[in-house]
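**Student:** Handing you a structure now.
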Amino acid sequence: MNSFRNTQRDAIGDAGSGPRGSSFGGDAYEAVVVGGGAAGLSAALVLGRSRRRTLVVDAGEPRNAPSAHMQGYLSRDGMSPADFLAEGRREIAGYGVEWRPGEVTGAAPDGADGFVLTLADGGTVRARRLVVTTGLVDELPEIDGLADRWGRDVLHCPYCHGWEVRDLPFGVVAHPAMPAHQALVVSQWSGDVTLFLHGAELSERDAALLDAAGVRVVAGEVAGLVVTDDRLTGVRLADGRVVERSVVFAGAKRLAARDGVLRQLGADLRETPFGEFVVVDETGRTSVPGVWAAGNVTGPQEQVVNAASLGYRAAATINGELLMTDLEAKAAARSGTGDPAGREGDGSAA
């Protein structure tokens, strides 16, 4: 067993252990992954290990860049997002996957079995299959100081950050579509939660649940945050009141998927309370044949570990589809000679 492991380890990074020899060369790839976050790198890892000639094009704009650490990823809990991505790029390189910084600005079918992608630097690449993992942008409420503290003491996900700020005084800025939801959820991590309605209205059921959770409700618009010695200390209301808080949870007023490539290709979209997102099946397949999507470009609730899982699933599906497509084409070509098995006749009469 040890001998096998050593042989396997030595093989990684060897050119001979990468993509199998094929007619693909130059700017042509069996798969191109657009986006180099957790979903994209996970997809690239699986495709590389499947010996597919794969390229990752990464604009370098991860959603979690403002965060110092990421949590909830087994064996990577507390790792910085930057270190996580660097390790992912190192791993995919070991399987022959190419990584290229840049942005895909155009995408179109190539008239055959694949796509032509235009890059921001003017270059083009061709791909038989695409995996779009470009994520989303959080469009934050227009509250003074909120964007500056984003990912530090202004947070959006208690599963990502709740443990680190547990038992501190929380403030929550209500989202107009679901005003009570986030305050109710974060009450699991602190017994001192104040919900700032910021123009939102509560239903009777919301009010009852907030009361049961011990959440204080403050009416009025939020004007800004109070920061002392580079530390959030309060929430300032439009009428001048200041409520002391150490942490503020605030969901984006809108989540804008980076879905330009998907829109250009005509992928179906669905409307949600937080914005439009691409329609995918359980494997990440979109309505456009040959195109998959994974991670936060498909929806707002995918954590890093979920995004990596979805990238894995999409890549495994793509490899299986490419495999069967090529085998069926080969079988059809052989059957055209009158021998489906591809064997020459022995010359004997029936």
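Identifiers for the structure tokens are assigned positionally: chains receive A, B, ... in sequence, residues are indexed from 1 per chain, and ligands are indexed from 1 in the order shown.
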So which residues touch Pro289 in chain A within 12 Å, counting only C-alpha atoms, skipping near sequence neighbours fewer than 3 positions away, as a ChimeraX atom specification?
**Tutor:** /A:109,112-115,128-131,262,265-268,280,284-286,292-293,318,321
**Student:** Can you pull out every residue from range 77-172 of chain A that DSSP, working from the backbone, puts in strand (DSSP E), and format the result as an MDAnalysis selection string?
**Tutor:** chainID A and resid 98:101 104:109 115:119 124:132 136:139 154:155 170:172
**Student:** Could you jot down the CA of Gly275 in chain A to CA of Ala174 in chain A separation for me, Å, one decimal place?
**Tutor:**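 Straight-line distance from CA of Gly275 in chain A to CA of Ala174 in chain A works out to 17.0 Å.
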**Student:** From the options A:Ala294, A:Ala316, A:Met178, A:Ala329, which residue's atoms come nearest to Gly135 in chain A, counting only C-alpha atoms?
**Tutor:**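 Checking each of A:Ala294, A:Ala316, A:Met178, A:Ala329 against Gly135 in chain A, counting only C-alpha atoms, the winner is A:Ala294.
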**Student:** Closest to Ile143 in chain A among A:Lys253, A:Arg90, A:Arg100, A:Arg334, using only C-alpha atoms?
**Tutor:** A:Lys253
**Student:** Counting only C-alpha atoms, figure out which residue out of A:Ser203, A:Thr283, A:Ser309, A:Thr298 gets nearest to Glu271 in chain A.
**Tutor:** A:Thr298
**Student:** Which is closest to Asp110 in chain A among A:Ala68, A:Ser190, A:Ala28, A:Val97, if we use only C-alpha atoms?
**Tutor:** A:Ala28
**Student:** From the list A:Arg205, A:Arg216, A:Arg270, A:Arg152, which residue is nearest Val172 in chain A when using only C-alpha atoms?
**Tutor:**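 Looking at the shortest contact to Val172 in chain A, the residue is A:Arg216.
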**Student:** What lies within 8 Å of Val116 in chain A using only C-alpha atoms, ignoring chain neighbours under 4 positions off, as a PyMOL selection string?
**Tutor:** chain A and resi 107-110+124-127
**Student:** DSSP on the backbone: what in range 13-199 of chain A comes out alpha helix (DSSP H), as a ChimeraX atom specification?
**Tutor:** /A:38-49,81-93,158-161,181-186
**Student:** Could you tell me which of A:Gly36, A:Gly88, A:Gly295, A:Gly111 comes closest to Ala307 in chain A if we count only C-alpha atoms?
**Tutor:** A:Gly295
**Student:** Please identify all polymer residues within 10 Å of Leu184 in chain A, counting only C-alpha atoms, omitting same-chain residues fewer than 3 positions from it, and present them as a VMD selection string.
**Tutor:** chain A and resid 172 179 to 181 187 to 188 193 195 206 209 to 215
**Student:** Save the residues we just selected, N, CA, C and O atoms, as a short mmCIF file (atom, residue, chain, number, x, y, z; two decimals), in the first residue's frame?
**Tutor:**
```
data_model
loop_
_atom_site.label_atom_id
_atom_site.label_comp_id
_atom_site.auth_asym_id
_atom_site.auth_seq_id
_atom_site.Cartn_x
_atom_site.Cartn_y
_atom_site.Cartn_z
N VAL A 172 -29.56 44.03 14.11
CA VAL A 172 -29.94 43.44 12.83
C VAL A 172 -30.73 44.49 12.05
O VAL A 172 -31.70 45.06 12.58
N PRO A 179 -38.40 40.64 7.04
CA PRO A 179 -37.88 41.56 8.07
C PRO A 179 -37.49 40.91 9.38
O PRO A 179 -36.58 41.39 10.07
N ALA A 180 -38.15 39.82 9.77
CA ALA A 180 -37.86 39.23 11.08
C ALA A 180 -36.88 38.07 11.01
O ALA A 180 -36.29 37.68 12.02
N HIS A 181 -36.69 37.50 9.84
CA HIS A 181 -36.00 36.22 9.71
C HIS A 181 -34.59 36.24 10.30
O HIS A 181 -34.25 35.38 11.13
N SER A 187 -30.63 35.02 17.05
CA SER A 187 -30.90 34.92 18.48
C SER A 187 -30.37 33.62 19.07
O SER A 187 -30.26 33.49 20.30
N GLN A 188 -30.00 32.67 18.22
CA GLN A 188 -29.36 31.44 18.69
C GLN A 188 -27.96 31.71 19.24
O GLN A 188 -27.45 30.96 20.06
N VAL A 193 -30.34 40.86 21.26
CA VAL A 193 -30.53 41.16 19.84
C VAL A 193 -31.54 42.29 19.68
O VAL A 193 -32.62 42.24 20.28
N LEU A 195 -33.57 44.42 16.67
CA LEU A 195 -33.93 44.49 15.26
C LEU A 195 -34.30 45.93 14.92
O LEU A 195 -35.19 46.53 15.52
N ASP A 206 -44.72 37.62 12.82
CA ASP A 206 -43.32 38.03 13.03
C ASP A 206 -43.17 38.67 14.41
O ASP A 206 -42.21 38.37 15.14
N LEU A 209 -43.18 36.02 17.13
CA LEU A 209 -41.96 35.23 17.17
C LEU A 209 -40.79 36.04 17.73
O LEU A 209 -39.98 35.51 18.52
N LEU A 210 -40.69 37.29 17.35
CA LEU A 210 -39.63 38.14 17.88
C LEU A 210 -39.76 38.31 19.39
O LEU A 210 -38.78 38.28 20.13
N ASP A 211 -40.99 38.46 19.85
CA ASP A 211 -41.23 38.59 21.28
C ASP A 211 -40.83 37.30 21.99
O ASP A 211 -40.20 37.33 23.06
N ALA A 212 -41.17 36.16 21.40
CA ALA A 212 -40.82 34.87 22.00
C ALA A 212 -39.30 34.68 22.06
O ALA A 212 -38.78 34.06 23.00
N ALA A 213 -38.59 35.22 21.08
CA ALA A 213 -37.14 35.09 21.04
C ALA A 213 -36.43 36.13 21.90
O ALA A 213 -35.20 36.08 22.04
N GLY A 214 -37.18 37.07 22.45
CA GLY A 214 -36.58 38.11 23.28
C GLY A 214 -35.87 39.18 22.47
O GLY A 214 -34.97 39.86 23.00
N VAL A 215 -36.27 39.36 21.22
CA VAL A 215 -35.64 40.35 20.35
C VAL A 215 -36.32 41.70 20.54
O VAL A 215 -37.55 41.81 20.41
#
```
**Student:** Applying 8 Å and only C-alpha atoms, which residues near range 42-55 of chain A remain after dropping the ones on its own chain fewer than 2 positions away? List them as a ChimeraX atom specification.
**Tutor:** /A:17-20,24,29-33,38-40,57,88,91-92,95-100,131,308-309,311-316,319
**Student:** In Å, rounded to a single decimal, give me how far CA of Asn64 in chain A is from CA of Phe196 in chain A.
**Tutor:**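 We find that CA of Phe196 in chain A and CA of Asn64 in chain A lie 24.9 Å from each other.
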